[in-house]
Amino acid sequence: MNMDHFLKIRHTVDALFGKGVSKFLPKDIDIIFSKKTGRIRTVYHQKKLLFTLRIDGGLAITPYFAQLLLQSKKFKENCLEINNDAAPFVGEGRSVFCKHVIWCGKNIKIASDTPILFQNKVIAVGRAVLSAEMIVDFQRGVAVKVRDSLKSRTGEISL
């Protein structure tokens, strides 16, 4: 039984980020498969990387893809927003600390992919070190380790 690849991606996005979020997934995507295993490796839209499929079934999303999905209100519950002090550093790829978080979505779990917002724009994506409740409760320590930021892609920040 061979499942439609686009359908598989839609189901994965819905499972990770909330039901209905996948309707903001672009229709004209390019799927790159692994030569060795035949599985989906990476997904592109207009030659821009959207995400990479992880071995554990998760997605390593890019800031570009997170910005596309931000049109969904449900997706915002997977994000956190930071203050002015931290924005330049996080944009360069530095970690987000609890004390810089001004808003935190309730769907953030430990080790989940978390888009970081500044003035309603995605400036970076990282892996949550703490859950939503812990980020709100704590005033010190790392909340999210940034994996991909705007600076790492283009060489200069575009806020």
# chains A, B, ... in the order shown; residues from 1 in each chain; ligands from 1

call {"tool": "select_by_dssp", "arguments": {"residues": "range 56-96 of chain A", "states": "strand (DSSP E or B)", "output": "PyMOL selection string"}}
result
chain A and resi 59-61+80-82+96

call {"tool": "residues_around", "arguments": {"residues": "Glu77 in chain A", "least_positions_apart": "4", "cutoff": "10 Å", "atoms": "only C-alpha atoms", "output": "list in words"}}
result
Phe17, Gly18, Leu70, Ser72, Lys73, Trp103, Cys104, Gly105, Lys106, Asn107, Ile108, Thr114, Pro115 and Ala132 of chain A

call {"tool": "write_last_selection", "arguments": {"atoms": "N, CA and C atoms", "output": "compact mmCIF listing (two decimals), in the first residue's frame"}}
result
# COMPACT_ATOMS: atom_id res chain seq x y z
N PHE A 17 1.63 20.06 14.49
CA PHE A 17 1.34 21.47 14.78
C PHE A 17 -0.13 21.79 15.02
N GLY A 18 -1.02 20.81 14.87
CA GLY A 18 -2.43 21.05 15.13
C GLY A 18 -3.27 20.78 13.90
N LEU A 70 2.27 30.40 9.82
CA LEU A 70 1.82 31.37 10.82
C LEU A 70 0.46 31.99 10.46
N SER A 72 -2.03 30.34 10.14
CA SER A 72 -2.96 29.55 10.93
C SER A 72 -2.89 29.97 12.39
N LYS A 73 -4.05 30.24 12.99
CA LYS A 73 -4.09 30.63 14.42
C LYS A 73 -3.63 29.47 15.30
N TRP A 103 5.64 35.97 25.33
CA TRP A 103 4.43 35.17 25.11
C TRP A 103 4.85 33.77 24.69
N CYS A 104 4.09 32.78 25.14
CA CYS A 104 4.47 31.40 24.89
C CYS A 104 3.23 30.58 24.54
N GLY A 105 3.25 29.91 23.38
CA GLY A 105 2.13 29.06 22.96
C GLY A 105 2.01 27.82 23.82
N LYS A 106 0.79 27.36 24.03
CA LYS A 106 0.57 26.24 24.97
C LYS A 106 0.96 24.87 24.40
N ASN A 107 1.24 24.77 23.10
CA ASN A 107 1.61 23.48 22.50
C ASN A 107 3.11 23.19 22.55
N ILE A 108 3.89 24.06 23.14
CA ILE A 108 5.34 23.85 23.18
C ILE A 108 5.66 22.74 24.19
N THR A 114 10.25 24.66 17.64
CA THR A 114 9.57 25.87 18.10
C THR A 114 10.00 27.08 17.31
N PRO A 115 9.09 27.68 16.53
CA PRO A 115 9.39 28.94 15.86
C PRO A 115 9.45 30.08 16.87
N ALA A 132 6.02 24.57 27.71
CA ALA A 132 5.39 25.89 27.79
C ALA A 132 5.22 26.33 29.25

call {"tool": "residues_around", "arguments": {"residues": "range 43-55 of chain A", "least_positions_apart": "6", "cutoff": "8 Å", "atoms": "only C-alpha atoms", "output": "PyMOL selection string"}}
result
chain A and resi 26+28-32+61-62+64-65

call {"tool": "write_last_selection", "arguments": {"atoms": "N, CA and C atoms", "output": "mmCIF file, in the first residue's frame"}}
result
data_model
loop_
_atom_site.group_PDB
_atom_site.id
_atom_site.type_symbol
_atom_site.label_atom_id
_atom_site.label_comp_id
_atom_site.auth_asym_id
_atom_site.auth_seq_id
_atom_site.Cartn_x
_atom_site.Cartn_y
_atom_site.Cartn_z
ATOM 1 N N PRO A 26 1.922 24.906 0.892
ATOM 2 C CA PRO A 26 1.794 25.209 -0.541
ATOM 3 C C PRO A 26 1.518 23.944 -1.353
ATOM 4 N N ASP A 28 2.295 23.482 -4.666
ATOM 5 C CA ASP A 28 3.362 23.190 -5.638
ATOM 6 C C ASP A 28 4.712 22.985 -4.946
ATOM 7 N N ILE A 29 4.831 21.832 -4.262
ATOM 8 C CA ILE A 29 6.068 21.546 -3.538
ATOM 9 C C ILE A 29 6.883 20.495 -4.289
ATOM 10 N N ASP A 30 8.200 20.547 -4.093
ATOM 11 C CA ASP A 30 9.104 19.551 -4.672
ATOM 12 C C ASP A 30 9.594 18.653 -3.544
ATOM 13 N N ILE A 31 9.392 17.357 -3.698
ATOM 14 C CA ILE A 31 9.786 16.403 -2.673
ATOM 15 C C ILE A 31 11.044 15.666 -3.136
ATOM 16 N N ILE A 32 12.077 15.690 -2.298
ATOM 17 C CA ILE A 32 13.330 14.985 -2.588
ATOM 18 C C ILE A 32 13.352 13.711 -1.743
ATOM 19 N N ILE A 61 11.789 22.195 10.618
ATOM 20 C CA ILE A 61 11.235 23.241 9.750
ATOM 21 C C ILE A 61 12.176 24.437 9.656
ATOM 22 N N THR A 62 12.022 25.205 8.577
ATOM 23 C CA THR A 62 12.820 26.410 8.384
ATOM 24 C C THR A 62 11.992 27.630 8.791
ATOM 25 N N TYR A 64 11.311 30.103 7.009
ATOM 26 C CA TYR A 64 10.451 30.411 5.857
ATOM 27 C C TYR A 64 9.137 29.629 5.928
ATOM 28 N N PHE A 65 9.223 28.331 6.226
ATOM 29 C CA PHE A 65 8.031 27.483 6.332
ATOM 30 C C PHE A 65 7.186 27.890 7.535
#

call {"tool": "select_by_dssp", "arguments": {"residues": "chain A", "states": "helix (DSSP H, G or I)", "output": "ChimeraX atom specification"}}
result
/A:5-17,21-24,63-69,75-78,87-91,98-100,132-137,150-154

call {"tool": "closest_residue", "arguments": {"among": "A:Ala86, A:Leu150, A:Leu130, A:Ala66", "to": "Val101 in chain A", "atoms": "only C-alpha atoms"}}
result
A:Ala86

call {"tool": "residues_around", "arguments": {"residues": "Lys145 in chain A", "least_positions_apart": "4", "cutoff": "6 Å", "atoms": "only C-alpha atoms", "output": "list of chain:residue names"}}
result
A:Ser95, A:Gly126, A:Arg127

call {"tool": "residues_around", "arguments": {"residues": "Val21 in chain A", "least_positions_apart": "6", "cutoff": "7 Å", "atoms": "only C-alpha atoms", "output": "PDB file with C-alpha atoms, in the first residue's frame"}}
result
ATOM      1  CA  VAL A  13       2.153  18.689   9.675  1.00  0.00           C
ATOM      2  CA  ASP A  14      -1.324  18.340  11.241  1.00  0.00           C
ATOM      3  CA  LEU A  69       2.194  28.324   8.569  1.00  0.00           C
ATOM      4  CA  SER A  72      -2.962  29.550  10.931  1.00  0.00           C
ATOM      5  CA  LYS A  74      -3.558  27.071  15.655  1.00  0.00           C
ATOM      6  CA  PHE A  75       0.084  27.086  14.510  1.00  0.00           C
TER       7      PHE A  75
END

call {"tool": "residues_around", "arguments": {"residues": "Gly141 in chain A", "least_positions_apart": "2", "cutoff": "10 Å", "atoms": "only C-alpha atoms", "output": "list in words"}}
result
Ser95, Val96, Phe97, Cys98, Lys99, Val129, Leu130, Ile135, Phe138, Gln139, Ala143 and Val144 of chain A

call {"tool": "write_last_selection", "arguments": {"atoms": "N, CA and C atoms", "output": "compact mmCIF listing (two decimals), in the first residue's frame"}}
result
# COMPACT_ATOMS: atom_id res chain seq x y z
N SER A 95 20.72 31.13 21.53
CA SER A 95 19.60 30.52 22.25
C SER A 95 18.67 31.55 22.86
N VAL A 96 17.42 31.13 23.11
CA VAL A 96 16.42 31.98 23.76
C VAL A 96 16.38 31.62 25.23
N PHE A 97 16.47 32.64 26.10
CA PHE A 97 16.40 32.42 27.54
C PHE A 97 14.99 32.75 28.04
N CYS A 98 14.60 32.07 29.11
CA CYS A 98 13.24 32.22 29.65
C CYS A 98 12.88 33.68 29.94
N LYS A 99 13.82 34.44 30.47
CA LYS A 99 13.48 35.81 30.88
C LYS A 99 13.17 36.73 29.69
N VAL A 129 13.82 23.39 24.98
CA VAL A 129 14.53 22.69 26.05
C VAL A 129 13.55 22.46 27.20
N LEU A 130 12.56 23.34 27.31
CA LEU A 130 11.55 23.27 28.36
C LEU A 130 10.15 23.26 27.75
N ILE A 135 8.62 27.32 30.76
CA ILE A 135 9.15 28.57 30.21
C ILE A 135 8.49 29.76 30.90
N PHE A 138 9.76 29.80 34.80
CA PHE A 138 11.17 30.08 35.09
C PHE A 138 11.55 31.49 34.64
N GLN A 139 12.53 32.07 35.33
CA GLN A 139 13.06 33.37 34.93
C GLN A 139 14.51 33.27 34.48
N ALA A 143 15.41 28.43 27.16
CA ALA A 143 14.07 27.95 26.82
C ALA A 143 14.11 27.19 25.51
N VAL A 144 14.81 27.77 24.49
CA VAL A 144 14.88 27.15 23.17
C VAL A 144 16.30 27.26 22.63

call {"tool": "closest_residue", "arguments": {"among": "A:Lys27, A:Lys36, A:His100, A:Lys8", "to": "Leu117 in chain A", "atoms": "only C-alpha atoms"}}
result
A:His100

call {"tool": "atom_distance", "arguments": {"atom1": "CA of Cys79 in chain A", "atom2": "CA of Ala128 in chain A"}}
result
10.0 Å
